[in-house]
file my_file-v7.csv (CSV, N, CA and C atoms and all ligand atoms)
chain,number,residue,atom,x,y,z
V,151,ARG,N,-6.5,-13.8,11.8
V,151,ARG,CA,-7.6,-12.9,11.5
V,151,ARG,C,-7.3,-11.8,10.6
V,152,THR,N,-8.3,-11.1,10.1
V,152,THR,CA,-8.1,-10.0,9.1
V,152,THR,C,-7.9,-8.7,9.8
V,153,ASP,N,-6.9,-7.9,9.4
V,153,ASP,CA,-6.6,-6.6,10.0
V,153,ASP,C,-6.7,-5.6,8.9
V,154,LYS,N,-6.7,-4.3,9.2
V,154,LYS,CA,-6.8,-3.2,8.3
V,154,LYS,C,-5.8,-2.2,8.7
V,155,ALA,N,-5.0,-1.7,7.7
V,155,ALA,CA,-4.0,-0.6,7.9
V,155,ALA,C,-4.3,0.6,7.0
V,156,ASP,N,-4.1,1.8,7.6
V,156,ASP,CA,-4.3,3.0,6.8
V,156,ASP,C,-2.9,3.7,6.7
V,157,PHE,N,-2.5,4.1,5.5
V,157,PHE,CA,-1.2,4.7,5.3
V,157,PHE,C,-1.3,6.0,4.6
V,158,HIS,N,-0.3,6.8,4.8
V,158,HIS,CA,-0.1,8.0,4.0
V,158,HIS,C,0.9,7.6,2.9
V,159,VAL,N,0.6,8.0,1.7
V,159,VAL,CA,1.5,7.6,0.6
V,159,VAL,C,2.2,8.8,0.0
V,160,THR,N,3.5,8.8,-0.1
V,160,THR,CA,4.3,9.9,-0.6
V,160,THR,C,4.8,9.6,-2.0
V,161,GLY,N,5.0,10.5,-2.9
V,161,GLY,CA,5.7,10.4,-4.1
V,161,GLY,C,4.8,10.2,-5.3
V,162,MET,N,3.5,10.0,-5.1
V,162,MET,CA,2.6,9.8,-6.3
V,162,MET,C,2.3,11.0,-7.1
V,163,THR,N,2.5,11.0,-8.4
V,163,THR,CA,2.2,12.2,-9.2
V,163,THR,C,1.2,11.9,-10.3
V,164,CYS,N,0.8,10.7,-10.6
V,164,CYS,CA,-0.2,10.5,-11.5
V,164,CYS,C,-1.0,9.2,-11.2
V,165,ALA,N,-2.1,9.0,-11.9
V,165,ALA,CA,-3.0,7.9,-11.6
V,165,ALA,C,-2.3,6.5,-11.8
V,166,ALA,N,-1.4,6.5,-12.7
V,166,ALA,CA,-0.6,5.2,-13.0
V,166,ALA,C,0.2,4.9,-11.8
V,167,CYS,N,0.7,5.9,-11.1
V,167,CYS,CA,1.5,5.6,-9.8
V,167,CYS,C,0.6,4.9,-8.8
V,168,ALA,N,-0.6,5.4,-8.6
V,168,ALA,CA,-1.5,4.8,-7.7
V,168,ALA,C,-1.8,3.3,-8.1
V,169,ASN,N,-2.0,3.1,-9.4
V,169,ASN,CA,-2.2,1.7,-9.9
V,169,ASN,C,-1.1,0.8,-9.6
V,170,ARG,N,0.1,1.3,-9.9
V,170,ARG,CA,1.3,0.5,-9.6
V,170,ARG,C,1.5,0.1,-8.2
V,171,ILE,N,1.2,1.0,-7.3
V,171,ILE,CA,1.3,0.7,-5.9
V,171,ILE,C,0.2,-0.3,-5.5
V,172,GLU,N,-1.0,-0.1,-6.0
V,172,GLU,CA,-2.1,-1.0,-5.7
V,172,GLU,C,-1.7,-2.5,-6.1
V,173,LYS,N,-1.2,-2.6,-7.3
V,173,LYS,CA,-0.9,-3.9,-7.9
V,173,LYS,C,0.2,-4.5,-7.0
V,174,LYS,N,1.2,-3.7,-6.7
V,174,LYS,CA,2.4,-4.2,-6.0
V,174,LYS,C,2.0,-4.8,-4.6
V,175,ILE,N,1.2,-4.0,-3.9
V,175,ILE,CA,0.7,-4.5,-2.6
V,175,ILE,C,-0.2,-5.7,-2.7
V,176,ASN,N,-1.1,-5.7,-3.7
V,176,ASN,CA,-2.0,-6.8,-4.0
V,176,ASN,C,-1.3,-8.1,-4.2
V,177,ARG,N,-0.1,-8.0,-4.8
V,177,ARG,CA,0.6,-9.3,-5.1
V,177,ARG,C,1.2,-10.0,-3.8
V,178,LEU,N,1.3,-9.2,-2.7
V,178,LEU,CA,1.9,-9.8,-1.5
V,178,LEU,C,0.9,-10.9,-1.0
V,179,LYS,N,1.4,-12.0,-0.6
V,179,LYS,CA,0.6,-13.1,-0.1
V,179,LYS,C,0.0,-12.7,1.3
V,180,GLY,N,-1.3,-12.8,1.4
V,180,GLY,CA,-2.0,-12.5,2.6
V,180,GLY,C,-2.7,-11.1,2.5
V,181,VAL,N,-2.5,-10.4,1.4
V,181,VAL,CA,-3.2,-9.2,1.2
V,181,VAL,C,-4.6,-9.5,0.6
V,182,GLN,N,-5.6,-8.9,1.1
V,182,GLN,CA,-7.0,-9.3,0.6
V,182,GLN,C,-7.6,-8.1,-0.2
V,183,ASN,N,-7.3,-6.9,0.2
V,183,ASN,CA,-7.9,-5.8,-0.5
V,183,ASN,C,-7.0,-4.5,-0.4
V,184,VAL,N,-6.8,-3.8,-1.5
V,184,VAL,CA,-6.0,-2.6,-1.4
V,184,VAL,C,-6.7,-1.5,-2.1
V,185,THR,N,-6.8,-0.3,-1.5
V,185,THR,CA,-7.3,0.9,-2.2
V,185,THR,C,-6.3,2.0,-2.0
V,186,VAL,N,-5.9,2.6,-3.1
V,186,VAL,CA,-5.0,3.7,-3.1
V,186,VAL,C,-5.7,4.9,-3.7
V,187,ASN,N,-5.7,6.0,-2.9
V,187,ASN,CA,-6.4,7.3,-3.4
V,187,ASN,C,-5.3,8.3,-3.7
V,188,LEU,N,-5.2,8.6,-5.0
V,188,LEU,CA,-4.1,9.6,-5.4
V,188,LEU,C,-4.3,11.0,-4.8
V,189,ALA,N,-5.6,11.5,-4.9
V,189,ALA,CA,-5.9,12.8,-4.4
V,189,ALA,C,-5.6,13.0,-2.9
V,190,LEU,N,-6.0,12.0,-2.2
V,190,LEU,CA,-5.9,12.0,-0.7
V,190,LEU,C,-4.6,11.5,-0.2
V,191,GLU,N,-3.8,11.0,-1.2
V,191,GLU,CA,-2.5,10.4,-0.8
V,191,GLU,C,-2.6,9.3,0.3
V,192,THR,N,-3.6,8.5,0.1
V,192,THR,CA,-3.8,7.4,1.2
V,192,THR,C,-3.8,6.0,0.5
V,193,ALA,N,-3.6,5.0,1.4
V,193,ALA,CA,-3.7,3.6,1.0
V,193,ALA,C,-4.4,2.9,2.2
V,194,THR,N,-5.3,2.1,1.9
V,194,THR,CA,-6.0,1.2,2.9
V,194,THR,C,-5.8,-0.2,2.5
V,195,VAL,N,-5.3,-1.0,3.4
V,195,VAL,CA,-5.0,-2.4,3.0
V,195,VAL,C,-5.7,-3.3,4.0
V,196,GLU,N,-6.4,-4.3,3.5
V,196,GLU,CA,-6.9,-5.4,4.4
V,196,GLU,C,-6.0,-6.6,4.2
V,197,TYR,N,-5.6,-7.2,5.3
V,197,TYR,CA,-4.6,-8.3,5.1
V,197,TYR,C,-4.8,-9.3,6.3
V,198,VAL,N,-4.2,-10.5,6.1
V,198,VAL,CA,-4.3,-11.5,7.1
V,198,VAL,C,-3.1,-11.4,8.1
V,199,GLN,N,-3.4,-11.2,9.3
V,199,GLN,CA,-2.3,-11.0,10.3
V,199,GLN,C,-1.5,-12.3,10.4
V,200,GLY,N,-0.2,-12.1,10.5
V,200,GLY,CA,0.7,-13.3,10.6
V,200,GLY,C,1.2,-13.8,9.3
V,201,VAL,N,0.5,-13.4,8.2
V,201,VAL,CA,0.9,-13.9,6.9
V,201,VAL,C,1.7,-12.8,6.2
V,202,VAL,N,1.3,-11.5,6.4
V,202,VAL,CA,2.0,-10.4,5.8
V,202,VAL,C,1.9,-9.3,6.8
V,203,SER,N,2.9,-8.4,6.8
V,203,SER,CA,3.0,-7.3,7.8
V,203,SER,C,3.0,-5.9,7.1
V,204,THR,N,2.8,-4.9,7.9
V,204,THR,CA,2.8,-3.6,7.3
V,204,THR,C,4.3,-3.2,6.9
V,205,SER,N,5.3,-3.9,7.5
V,205,SER,CA,6.7,-3.7,7.1
V,205,SER,C,6.9,-4.3,5.7
V,206,ASP,N,6.3,-5.4,5.5
V,206,ASP,CA,6.4,-6.0,4.1
V,206,ASP,C,5.8,-5.1,3.1
V,207,MET,N,4.7,-4.4,3.4
V,207,MET,CA,4.1,-3.5,2.5
V,207,MET,C,4.9,-2.3,2.2
V,208,LYS,N,5.5,-1.7,3.3
V,208,LYS,CA,6.4,-0.6,3.2
V,208,LYS,C,7.6,-0.9,2.3
V,209,GLU,N,8.2,-2.1,2.5
V,209,GLU,CA,9.4,-2.5,1.8
V,209,GLU,C,9.1,-2.6,0.3
V,210,ALA,N,7.9,-3.3,0.0
V,210,ALA,CA,7.5,-3.5,-1.4
V,210,ALA,C,7.3,-2.1,-2.1
V,211,VAL,N,6.7,-1.2,-1.4
V,211,VAL,CA,6.4,0.1,-2.0
V,211,VAL,C,7.6,1.0,-2.1
V,212,ASP,N,8.5,0.8,-1.1
V,212,ASP,CA,9.8,1.5,-1.2
V,212,ASP,C,10.6,1.1,-2.4
V,213,LYS,N,10.5,-0.1,-2.8
V,213,LYS,CA,11.3,-0.6,-4.0
V,213,LYS,C,10.8,0.0,-5.2
V,214,LEU,N,9.5,0.4,-5.2
V,214,LEU,CA,8.9,1.1,-6.4
V,214,LEU,C,9.3,2.6,-6.4
V,215,GLY,N,9.8,3.1,-5.3
V,215,GLY,CA,10.2,4.5,-5.2
V,215,GLY,C,9.2,5.4,-4.6
V,216,PHE,N,8.2,4.8,-3.8
V,216,PHE,CA,7.3,5.6,-3.1
V,216,PHE,C,7.4,5.4,-1.6
V,217,GLY,N,6.7,6.2,-0.9
V,217,GLY,CA,6.8,6.0,0.6
V,217,GLY,C,5.4,5.7,1.2
V,218,LEU,N,5.5,4.8,2.2
V,218,LEU,CA,4.3,4.4,2.9
V,218,LEU,C,4.5,4.7,4.4
V,219,LYS,N,3.6,5.5,5.0
V,219,LYS,CA,3.8,5.7,6.4
V,219,LYS,C,2.4,5.4,7.1
V,220,GLU,N,2.5,4.4,8.0
V,220,GLU,CA,1.2,4.0,8.7
V,220,GLU,C,0.7,5.2,9.5
V,221,LYS,N,-0.6,5.3,9.4
V,221,LYS,CA,-1.3,6.4,10.2
V,221,LYS,C,-1.6,5.8,11.6
V,222,THR,N,-1.5,6.7,12.6
V,222,THR,CA,-1.7,6.1,14.0
V,222,THR,C,-3.0,6.7,14.6
V,301,LIG,MO1,2.9,8.6,-13.8
V,301,LIG,MO2,4.1,7.4,-11.5
V,301,LIG,O1,3.5,9.0,-15.5
V,301,LIG,O2,5.5,6.2,-11.0
V,301,LIG,S1,3.3,6.4,-13.3
V,301,LIG,S2,4.5,9.5,-12.6

call {"tool": "encode", "arguments": {"input": "my_file-v7.csv", "output": "structure tokens"}}
result
Amino acid sequence: RTDKADFHVTGMTCAACANRIEKKINRLKGVQNVTVNLALETATVEYVQGVVSTSDMKEAVDKLGFGLKEKT
């Protein structure tokens, strides 16, 4: 089934940062939709459970030099 995760994003300083993060998460298999908001420092991801995990997303974004923290 499809799940949705909301994250706080750290380290973004310009609009291109937000685009880079969006593209990176979007490339992960099982991700269906990504929205990154630079001003709000948030990311919302729709994904297929069991295909990709929030840990996978954190790892991918970490490699770009940004931080993702799931909101609870
Ligand atoms: Mo903007 Mo972000 O020049 O990694 S792209 S700072």

call {"tool": "residues_near_ligand", "arguments": {"input": "my_file-v7.csv", "ligand": "ligand LIG 301 (chain V)", "cutoff": "9 Å", "atoms": "only C-alpha atoms and all ligand atoms", "output": "list in words"}}
result
Gly161, Met162, Thr163, Cys164, Ala165, Ala166, Cys167, Ala168, Asn169, Arg170, Ile171, Leu214, Gly215 and Phe216 of chain V

call {"tool": "closest_residue", "arguments": {"input": "my_file-v7.csv", "among": "V:Leu218, V:His158, V:Gly180, V:Lys174", "to": "Gln199 of chain V", "atoms": "all atoms listed in the file"}}
result
V:Gly180

call {"tool": "residues_near_point", "arguments": {"input": "my_file-v7.csv", "point": "(-4.2, -9.4, 3.0)", "cutoff": "6 Å", "atoms": "only C-alpha atoms", "output": "list of chain:residue names"}}
result
V:Gly180, V:Val181, V:Gln182, V:Glu196, V:Tyr197, V:Val198

call {"tool": "select_by_dssp", "arguments": {"input": "my_file-v7.csv", "residues": "chain V", "states": "helix (DSSP H, G or I)", "output": "PyMOL selection string"}}
result
chain V and resi 165-176+204-214

call {"tool": "closest_residue", "arguments": {"input": "my_file-v7.csv", "among": "V:Val202, V:Val195, V:Thr222, V:Ala210", "to": "Lys154 of chain V", "atoms": "only N, CA and C atoms"}}
result
V:Val195

call {"tool": "atom_distance", "arguments": {"input": "my_file-v7.csv", "atom1": "atom CA of Gly200 of chain V", "atom2": "atom N of Val159 of chain V"}}
result
23.1 Å

call {"tool": "closest_residue", "arguments": {"input": "my_file-v7.csv", "among": "V:Ser205, V:Thr160, V:Asn176, V:Thr194", "to": "Lys219 of chain V", "atoms": "all atoms listed in the file"}}
result
V:Thr160

call {"tool": "atom_distance", "arguments": {"input": "my_file-v7.csv", "atom1": "atom C of Lys208 of chain V", "atom2": "atom CA of Arg151 of chain V"}}
result
21.4 Å

call {"tool": "atom_distance", "arguments": {"input": "my_file-v7.csv", "atom1": "atom N of Glu191 of chain V", "atom2": "atom CA of Lys179 of chain V"}}
result
24.5 Å

call {"tool": "residues_around", "arguments": {"input": "my_file-v7.csv", "residues": "Asp156 of chain V", "least_positions_apart": "3", "cutoff": "6 Å", "atoms": "only C-alpha atoms", "output": "ChimeraX atom specification"}}
result
/V:193-194,220-221

call {"tool": "write_last_selection", "arguments": {"input": "my_file-v7.csv", "atoms": "N, CA and C atoms", "output": "short mmCIF file (atom, residue, chain, number, x, y, z; two decimals), in the frame of the given file"}}
result
data_model
loop_
_atom_site.label_atom_id
_atom_site.label_comp_id
_atom_site.auth_asym_id
_atom_site.auth_seq_id
_atom_site.Cartn_x
_atom_site.Cartn_y
_atom_site.Cartn_z
N ALA V 193 -3.60 5.00 1.40
CA ALA V 193 -3.70 3.60 1.00
C ALA V 193 -4.40 2.90 2.20
N THR V 194 -5.30 2.10 1.90
CA THR V 194 -6.00 1.20 2.90
C THR V 194 -5.80 -0.20 2.50
N GLU V 220 2.50 4.40 8.00
CA GLU V 220 1.20 4.00 8.70
C GLU V 220 0.70 5.20 9.50
N LYS V 221 -0.60 5.30 9.40
CA LYS V 221 -1.30 6.40 10.20
C LYS V 221 -1.60 5.80 11.60
#

call {"tool": "closest_residue", "arguments": {"input": "my_file-v7.csv", "among": "V:Val186, V:Val201, V:Ile175, V:Val211", "to": "Thr152 of chain V", "atoms": "only C-alpha atoms"}}
result
V:Val201

call {"tool": "select_by_dssp", "arguments": {"input": "my_file-v7.csv", "residues": "segment 160-198 of chain V", "states": "strand (DSSP E)", "output": "number ranges by chain"}}
result
V: 160, 181-187, 192-198
